[in-house]
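Here's input35.pdb, which has PDB, C-alpha atoms:
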```pdb
ATOM      1  CA  MET A   1       0.000   0.000   0.000  1.00  0.00           C
ATOM      2  CA  PRO A   2       1.524   3.312  -0.976  1.00  0.00           C
ATOM      3  CA  ASP A   3       2.376   5.951   1.598  1.00  0.00           C
ATOM      4  CA  ARG A   4      -0.443   8.508   1.655  1.00  0.00           C
ATOM      5  CA  ARG A   5       1.238  11.147   3.751  1.00  0.00           C
ATOM      6  CA  GLN A   6       1.231  14.585   2.238  1.00  0.00           C
ATOM      7  CA  PRO A   7       4.568  16.305   2.060  1.00  0.00           C
ATOM      8  CA  ASP A   8       4.936  19.298   4.371  1.00  0.00           C
ATOM      9  CA  SER A   9       4.912  22.395   2.261  1.00  0.00           C
ATOM     10  CA  PRO A  10       4.988  26.082   3.168  1.00  0.00           C
ATOM     11  CA  THR A  11       1.790  26.580   1.170  1.00  0.00           C
ATOM     12  CA  ASP A  12      -0.149  24.133   3.342  1.00  0.00           C
ATOM     13  CA  ASP A  13      -3.261  25.985   4.570  1.00  0.00           C
ATOM     14  CA  ASN A  14      -3.940  24.062   7.761  1.00  0.00           C
ATOM     15  CA  PRO A  15      -5.324  26.559  10.313  1.00  0.00           C
ATOM     16  CA  PHE A  16      -4.541  24.186  13.191  1.00  0.00           C
ATOM     17  CA  ALA A  17      -0.921  23.574  12.285  1.00  0.00           C
ATOM     18  CA  ALA A  18       1.892  25.093  14.317  1.00  0.00           C
ATOM     19  CA  PRO A  19       3.742  27.985  12.683  1.00  0.00           C
ATOM     20  CA  PRO A  20       6.951  27.110  10.837  1.00  0.00           C
ATOM     21  CA  GLU A  21      10.251  27.113  12.715  1.00  0.00           C
ATOM     22  CA  GLY A  22      11.575  30.576  13.484  1.00  0.00           C
ATOM     23  CA  ARG A  23       8.292  32.336  12.759  1.00  0.00           C
ATOM     24  CA  PRO A  24       6.448  33.979  15.707  1.00  0.00           C
ATOM     25  CA  ASP A  25       2.848  33.157  16.611  1.00  0.00           C
ATOM     26  CA  GLN A  26       0.288  35.388  14.961  1.00  0.00           C
ATOM     27  CA  PRO A  27      -3.146  36.291  16.305  1.00  0.00           C
ATOM     28  CA  TRP A  28      -6.092  34.690  14.557  1.00  0.00           C
ATOM     29  CA  GLN A  29      -7.620  36.590  11.652  1.00  0.00           C
ATOM     30  CA  PRO A  30     -10.561  35.584   9.498  1.00  0.00           C
ATOM     31  CA  ARG A  31      -9.707  34.192   6.123  1.00  0.00           C
ATOM     32  CA  SER A  32     -10.253  36.334   3.095  1.00  0.00           C
ATOM     33  CA  GLY A  33     -11.769  34.844  -0.007  1.00  0.00           C
ATOM     34  CA  GLY A  34     -15.058  33.143  -0.838  1.00  0.00           C
ATOM     35  CA  ASP A  35     -16.832  33.700   2.478  1.00  0.00           C
ATOM     36  CA  GLY A  36     -17.312  37.443   2.139  1.00  0.00           C
ATOM     37  CA  GLY A  37     -13.896  38.576   3.274  1.00  0.00           C
ATOM     38  CA  ASN A  38     -14.773  40.394   6.469  1.00  0.00           C
ATOM     39  CA  GLY A  39     -15.940  37.487   8.600  1.00  0.00           C
ATOM     40  CA  ASP A  40     -19.498  38.704   9.193  1.00  0.00           C
ATOM     41  CA  GLY A  41     -21.222  35.861   7.427  1.00  0.00           C
ATOM     42  CA  PRO A  42     -21.828  34.656   3.897  1.00  0.00           C
ATOM     43  CA  LYS A  43     -22.849  37.169   1.280  1.00  0.00           C
ATOM     44  CA  ASP A  44     -25.056  36.957  -1.777  1.00  0.00           C
ATOM     45  CA  SER A  45     -23.901  37.771  -5.268  1.00  0.00           C
ATOM     46  CA  ASP A  46     -25.232  41.313  -4.635  1.00  0.00           C
ATOM     47  CA  GLY A  47     -22.934  41.704  -1.638  1.00  0.00           C
ATOM     48  CA  GLN A  48     -25.920  41.557   0.737  1.00  0.00           C
ATOM     49  CA  ARG A  49     -25.569  39.648   3.961  1.00  0.00           C
ATOM     50  CA  GLY A  50     -26.739  36.053   3.651  1.00  0.00           C
ATOM     51  CA  PRO A  51     -29.492  34.328   5.609  1.00  0.00           C
ATOM     52  CA  ALA A  52     -29.383  34.854   9.353  1.00  0.00           C
ATOM     53  CA  ARG A  53     -29.781  32.097  11.875  1.00  0.00           C
ATOM     54  CA  TRP A  54     -32.698  31.837  14.231  1.00  0.00           C
ATOM     55  CA  ASP A  55     -32.204  34.201  17.136  1.00  0.00           C
ATOM     56  CA  PRO A  56     -33.929  32.801  20.241  1.00  0.00           C
ATOM     57  CA  THR A  57     -33.669  36.184  21.980  1.00  0.00           C
ATOM     58  CA  ASP A  58     -35.908  37.845  19.371  1.00  0.00           C
ATOM     59  CA  PRO A  59     -39.518  37.613  20.623  1.00  0.00           C
ATOM     60  CA  ILE A  60     -40.953  37.931  17.104  1.00  0.00           C
ATOM     61  CA  GLN A  61     -39.031  34.910  15.856  1.00  0.00           C
ATOM     62  CA  ARG A  62     -39.934  32.954  18.991  1.00  0.00           C
ATOM     63  CA  ARG A  63     -43.616  33.702  18.468  1.00  0.00           C
ATOM     64  CA  ALA A  64     -43.423  32.501  14.868  1.00  0.00           C
ATOM     65  CA  ARG A  65     -42.001  29.175  16.049  1.00  0.00           C
ATOM     66  CA  TYR A  66     -44.496  28.947  18.914  1.00  0.00           C
ATOM     67  CA  ALA A  67     -47.351  29.567  16.462  1.00  0.00           C
ATOM     68  CA  LEU A  68     -46.169  26.698  14.280  1.00  0.00           C
ATOM     69  CA  LEU A  69     -45.812  24.248  17.161  1.00  0.00           C
ATOM     70  CA  ALA A  70     -49.021  25.221  18.975  1.00  0.00           C
ATOM     71  CA  GLY A  71     -51.031  25.165  15.738  1.00  0.00           C
ATOM     72  CA  MET A  72     -49.702  21.754  14.798  1.00  0.00           C
ATOM     73  CA  TRP A  73     -50.429  20.242  18.210  1.00  0.00           C
ATOM     74  CA  GLY A  74     -53.818  21.942  18.389  1.00  0.00           C
ATOM     75  CA  PHE A  75     -54.725  20.352  15.058  1.00  0.00           C
ATOM     76  CA  PHE A  76     -53.607  16.914  16.285  1.00  0.00           C
ATOM     77  CA  PHE A  77     -55.644  17.250  19.489  1.00  0.00           C
ATOM     78  CA  GLY A  78     -58.639  18.255  17.372  1.00  0.00           C
ATOM     79  CA  ILE A  79     -58.200  15.188  15.153  1.00  0.00           C
ATOM     80  CA  PHE A  80     -57.881  12.897  18.183  1.00  0.00           C
ATOM     81  CA  GLU A  81     -61.126  14.284  19.643  1.00  0.00           C
ATOM     82  CA  ILE A  82     -59.744  16.304  22.543  1.00  0.00           C
ATOM     83  CA  PRO A  83     -61.389  19.593  21.542  1.00  0.00           C
ATOM     84  CA  SER A  84     -60.701  21.573  24.713  1.00  0.00           C
ATOM     85  CA  VAL A  85     -56.919  21.262  24.362  1.00  0.00           C
ATOM     86  CA  GLY A  86     -57.162  21.790  20.597  1.00  0.00           C
ATOM     87  CA  LEU A  87     -59.147  24.982  21.130  1.00  0.00           C
ATOM     88  CA  LEU A  88     -56.659  26.314  23.678  1.00  0.00           C
ATOM     89  CA  LEU A  89     -53.621  25.568  21.514  1.00  0.00           C
ATOM     90  CA  GLY A  90     -55.386  26.905  18.425  1.00  0.00           C
ATOM     91  CA  ALA A  91     -56.164  30.195  20.153  1.00  0.00           C
ATOM     92  CA  LEU A  92     -52.576  30.540  21.385  1.00  0.00           C
ATOM     93  CA  ALA A  93     -51.200  29.756  17.931  1.00  0.00           C
ATOM     94  CA  LEU A  94     -53.545  32.304  16.384  1.00  0.00           C
ATOM     95  CA  TYR A  95     -52.325  34.988  18.802  1.00  0.00           C
ATOM     96  CA  TRP A  96     -48.642  34.134  18.361  1.00  0.00           C
ATOM     97  CA  GLY A  97     -48.909  33.925  14.574  1.00  0.00           C
ATOM     98  CA  ILE A  98     -50.632  37.303  14.253  1.00  0.00           C
ATOM     99  CA  THR A  99     -48.188  39.045  16.592  1.00  0.00           C
ATOM    100  CA  ALA A 100     -45.239  37.499  14.762  1.00  0.00           C
ATOM    101  CA  LEU A 101     -46.495  38.701  11.390  1.00  0.00           C
ATOM    102  CA  ARG A 102     -47.346  42.159  12.663  1.00  0.00           C
ATOM    103  CA  GLY A 103     -43.909  42.535  14.388  1.00  0.00           C
ATOM    104  CA  LYS A 104     -43.702  46.215  15.226  1.00  0.00           C
ATOM    105  CA  PRO A 105     -40.373  48.047  14.929  1.00  0.00           C
ATOM    106  CA  ALA A 106     -38.565  49.120  18.062  1.00  0.00           C
ATOM    107  CA  PRO A 107     -39.428  52.622  19.355  1.00  0.00           C
ATOM    108  CA  ALA A 108     -37.241  55.601  18.402  1.00  0.00           C
ATOM    109  CA  THR A 109     -34.142  56.175  20.482  1.00  0.00           C
ATOM    110  CA  ALA A 110     -33.801  59.050  22.962  1.00  0.00           C
ATOM    111  CA  THR A 111     -31.395  60.869  20.619  1.00  0.00           C
ATOM    112  CA  GLY A 112     -34.153  61.231  18.050  1.00  0.00           C
ATOM    113  CA  ALA A 113     -32.499  58.888  15.593  1.00  0.00           C
ATOM    114  CA  PRO A 114     -34.933  56.806  13.544  1.00  0.00           C
ATOM    115  CA  ALA A 115     -35.643  53.432  15.026  1.00  0.00           C
ATOM    116  CA  ALA A 116     -34.089  50.393  13.455  1.00  0.00           C
ATOM    117  CA  LYS A 117     -36.433  47.837  11.965  1.00  0.00           C
ATOM    118  CA  GLY A 118     -37.506  45.168  14.400  1.00  0.00           C
ATOM    119  CA  GLY A 119     -38.944  41.695  14.204  1.00  0.00           C
ATOM    120  CA  LEU A 120     -39.251  39.910  10.886  1.00  0.00           C
ATOM    121  CA  ASP A 121     -38.765  43.139   8.881  1.00  0.00           C
ATOM    122  CA  ALA A 122     -35.281  43.579  10.341  1.00  0.00           C
ATOM    123  CA  MET A 123     -34.211  40.223   8.943  1.00  0.00           C
ATOM    124  CA  GLY A 124     -35.111  41.119   5.360  1.00  0.00           C
ATOM    125  CA  ALA A 125     -34.955  38.116   3.054  1.00  0.00           C
ATOM    126  CA  ALA A 126     -33.750  35.935   5.918  1.00  0.00           C
ATOM    127  CA  ALA A 127     -37.179  36.296   7.567  1.00  0.00           C
ATOM    128  CA  ARG A 128     -38.750  33.984   5.020  1.00  0.00           C
ATOM    129  CA  PRO A 129     -38.541  30.809   7.181  1.00  0.00           C
ATOM    130  CA  GLN A 130     -39.956  32.649  10.197  1.00  0.00           C
ATOM    131  CA  ARG A 131     -42.754  34.200   8.147  1.00  0.00           C
ATOM    132  CA  THR A 132     -43.535  30.776   6.686  1.00  0.00           C
ATOM    133  CA  ALA A 133     -43.649  29.275  10.188  1.00  0.00           C
ATOM    134  CA  ALA A 134     -46.038  31.996  11.355  1.00  0.00           C
ATOM    135  CA  VAL A 135     -48.350  31.550   8.339  1.00  0.00           C
ATOM    136  CA  ILE A 136     -48.409  27.746   8.670  1.00  0.00           C
ATOM    137  CA  GLY A 137     -49.092  28.198  12.392  1.00  0.00           C
ATOM    138  CA  LEU A 138     -52.047  30.448  11.535  1.00  0.00           C
ATOM    139  CA  VAL A 139     -53.453  27.897   9.081  1.00  0.00           C
ATOM    140  CA  MET A 140     -53.059  25.038  11.556  1.00  0.00           C
ATOM    141  CA  ALA A 141     -54.576  27.172  14.337  1.00  0.00           C
ATOM    142  CA  SER A 142     -57.581  27.942  12.153  1.00  0.00           C
ATOM    143  CA  LEU A 143     -58.064  24.234  11.440  1.00  0.00           C
ATOM    144  CA  ALA A 144     -57.692  23.351  15.132  1.00  0.00           C
ATOM    145  CA  ILE A 145     -60.276  25.955  16.123  1.00  0.00           C
ATOM    146  CA  LEU A 146     -62.596  24.785  13.339  1.00  0.00           C
ATOM    147  CA  LEU A 147     -62.337  21.157  14.498  1.00  0.00           C
ATOM    148  CA  ALA A 148     -62.950  22.099  18.138  1.00  0.00           C
ATOM    149  CA  MET A 149     -65.911  24.317  17.298  1.00  0.00           C
ATOM    150  CA  SER A 150     -67.481  21.694  15.032  1.00  0.00           C
ATOM    151  CA  SER A 151     -67.079  19.082  17.784  1.00  0.00           C
ATOM    152  CA  TYR A 152     -68.805  21.374  20.279  1.00  0.00           C
ATOM    153  CA  ALA A 153     -71.517  22.234  17.733  1.00  0.00           C
ATOM    154  CA  VAL A 154     -72.313  18.546  17.169  1.00  0.00           C
ATOM    155  CA  GLN A 155     -72.468  17.962  20.924  1.00  0.00           C
ATOM    156  CA  ILE A 156     -74.847  20.900  21.385  1.00  0.00           C
ATOM    157  CA  ALA A 157     -77.037  20.062  18.380  1.00  0.00           C
ATOM    158  CA  TYR A 158     -77.415  16.424  19.359  1.00  0.00           C
ATOM    159  CA  LYS A 159     -77.475  16.895  23.128  1.00  0.00           C
ATOM    160  CA  ASP A 160     -80.728  14.948  23.576  1.00  0.00           C
ATOM    161  CA  PHE A 161     -79.234  11.932  21.800  1.00  0.00           C
ATOM    162  CA  TYR A 162     -76.061  11.991  23.909  1.00  0.00           C
ATOM    163  CA  VAL A 163     -78.007  12.335  27.176  1.00  0.00           C
ATOM    164  CA  CYS A 164     -80.360   9.505  26.177  1.00  0.00           C
ATOM    165  CA  ARG A 165     -77.468   7.242  25.175  1.00  0.00           C
ATOM    166  CA  ASP A 166     -75.512   7.931  28.370  1.00  0.00           C
ATOM    167  CA  ASP A 167     -78.557   7.339  30.579  1.00  0.00           C
ATOM    168  CA  ALA A 168     -79.622   4.109  28.837  1.00  0.00           C
ATOM    169  CA  LEU A 169     -79.208   1.062  31.031  1.00  0.00           C
ATOM    170  CA  THR A 170     -79.725  -1.589  28.364  1.00  0.00           C
ATOM    171  CA  GLN A 171     -78.766  -2.103  24.738  1.00  0.00           C
ATOM    172  CA  THR A 172     -82.433  -1.890  23.721  1.00  0.00           C
ATOM    173  CA  ALA A 173     -82.804   1.496  25.413  1.00  0.00           C
ATOM    174  CA  GLN A 174     -79.650   2.688  23.659  1.00  0.00           C
ATOM    175  CA  LEU A 175     -81.077   1.648  20.290  1.00  0.00           C
ATOM    176  CA  GLN A 176     -84.289   3.590  20.965  1.00  0.00           C
ATOM    177  CA  CYS A 177     -82.169   6.767  21.300  1.00  0.00           C
ATOM    178  CA  ASN A 178     -81.647   6.609  17.523  1.00  0.00           C
ATOM    179  CA  THR A 179     -85.146   8.058  17.101  1.00  0.00           C
ATOM    180  CA  LEU A 180     -83.793  11.382  18.411  1.00  0.00           C
ATOM    181  CA  LEU A 181     -81.410  11.673  15.462  1.00  0.00           C
ATOM    182  CA  PRO A 182     -82.419  13.311  12.168  1.00  0.00           C
ATOM    183  CA  ASP A 183     -82.029  11.527   8.846  1.00  0.00           C
ATOM    184  CA  ASN A 184     -78.817  13.161   7.672  1.00  0.00           C
ATOM    185  CA  LEU A 185     -75.170  12.211   7.385  1.00  0.00           C
ATOM    186  CA  VAL A 186     -74.255  13.177  10.952  1.00  0.00           C
ATOM    187  CA  GLY A 187     -77.322  11.348  12.305  1.00  0.00           C
ATOM    188  CA  ASN A 188     -76.406   8.214  10.370  1.00  0.00           C
ATOM    189  CA  VAL A 189     -72.848   8.335  11.680  1.00  0.00           C
ATOM    190  CA  LEU A 190     -73.942   8.761  15.309  1.00  0.00           C
ATOM    191  CA  LYS A 191     -76.569   5.994  15.331  1.00  0.00           C
ATOM    192  CA  VAL A 192     -76.000   3.311  17.902  1.00  0.00           C
ATOM    193  CA  ARG A 193     -75.187   0.023  16.185  1.00  0.00           C
ATOM    194  CA  GLN A 194     -76.760  -3.259  17.299  1.00  0.00           C
TER     195      GLN A 194
END
```

For this file, write the structure as structure tokens.
Amino acid sequence: MPDRRQPDSPTDDNPFAAPPEGRPDQPWQPRSGGDGGNGDGPKDSDGQRGPARWDPTDPIQRRARYALLAGMWGFFFGIFEIPSVGLLLGALALYWGITALRGKPAPATATGAPAAKGGLDAMGAAARPQRTAAVIGLVMASLAILLAMSSYAVQIAYKDFYVCRDDALTQTAQLQCNTLLPDNLVGNVLKVRQ
């Protein structure tokens, strides 16, 4: 098997290597070249700063993520017929999604200088993932609230049937509760089977 060691050369660009003999240590400096040159992050072809990372200290970005998670879980609780939790999570997701999208800029400074943009507007093009999370959270929250409200509406509309079925002591009495249901799709679904 051939020797795969690379020869030591002065042009070797290993940032972790010790300096050559006789040369003093130098403080670290960012590399110049393809990463933008000044070390403040990647840049686009226009010279604009590239996408920013999620900043957990920014309340607008946090609310966008919270809206996504609460909306998703609210929808799942609505699907699994736990409407009270789905309604709560849907309402929270709706609030967080709207406040994330509305993200107001910070107030003006005491020196009278114009305020810097705040929230999702301050991120520019990098706000796209956060804006998407907030919008998806709003959609999921709307679905969760719709599922919870429809579940409550069915329970209210067919209250007599549910009370009769819960109070029935025998299977025959349970079957007689079917007379309280109308002849429609929901009534056919709710009928007690023999």

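Distance-wise, CA of Ala93 (chain A) and CA of Phe80 (chain A) end up 18.1 Å apart.
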
Query - Given all atoms listed in the file as the counted atoms, nearest of A:Ala133, A:Pro24, A:Leu92, A:Leu87 to Arg65 (chain A) - result: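 When distances to Arg65 (chain A) are compared using all atoms listed in the file, the smallest one comes from A:Ala133.
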
Report task. Using the chain letters and residue numbers of this document, give as a list in words the residues selected by the PyMOL selection byres ((chain A and resi 161) around 8). Result -> Tyr158, Lys159, Asp160, Tyr162, Val163, Cys164, Arg165, Cys177, Asn178, Leu180 and Leu181 of chain A

Query raised in the report: Excluding same-chain residues fewer than 5 positions from Ala64 (chain A), what lies within 12 Å of it counting all atoms listed in the file, as a PyMOL selection string?
Result: chain A and resi 54-56+58-59+69-71+92-103+119-120+127-138

Requested in this report: Go ahead and compute the interatomic distance for CA of Leu143 (chain A) and CA of Gly86 (chain A), in Å to one decimal.
Outcome: 9.5 Å

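Coordinates place CA of Ile156 (chain A) at a distance of 13.6 Å from CA of Leu190 (chain A).
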
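Residue neighbourhood of Ile82 (chain A), excluding near-sequence residues (fewer than 3 positions): Trp73, Gly74, Phe75, Phe76, Phe77, Gly78, Ile79, Val85, Gly86, Leu87, Leu88, Leu89, Ala144, Ile145, Leu147, Ala148, Met149, Ser151 and Tyr152 of chain A, at 12 Å, using only C-alpha atoms.
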
Test item: axis-aligned box, all listed atoms of region 20-27 of chain A, 6 Å on each side, centre and edges in Å rounded to one decimal, as JSON:
```
{"center_x": 4.2, "center_y": 31.7, "center_z": 13.7, "size_x": 26.7, "size_y": 21.2, "size_z": 17.8}
```

Report summary line: Ser84 (chain A) proximity check over A:Leu146, A:Leu175, A:Ala17, A:Ala168, using all atoms listed in the file: winner is A:Leu146

Report summary line: If you count all atoms listed in the file, the residue of A:Asp183, A:Ala91, A:Asp25, A:Asp13 closest to Met72 (chain A) turns out to be A:Ala91
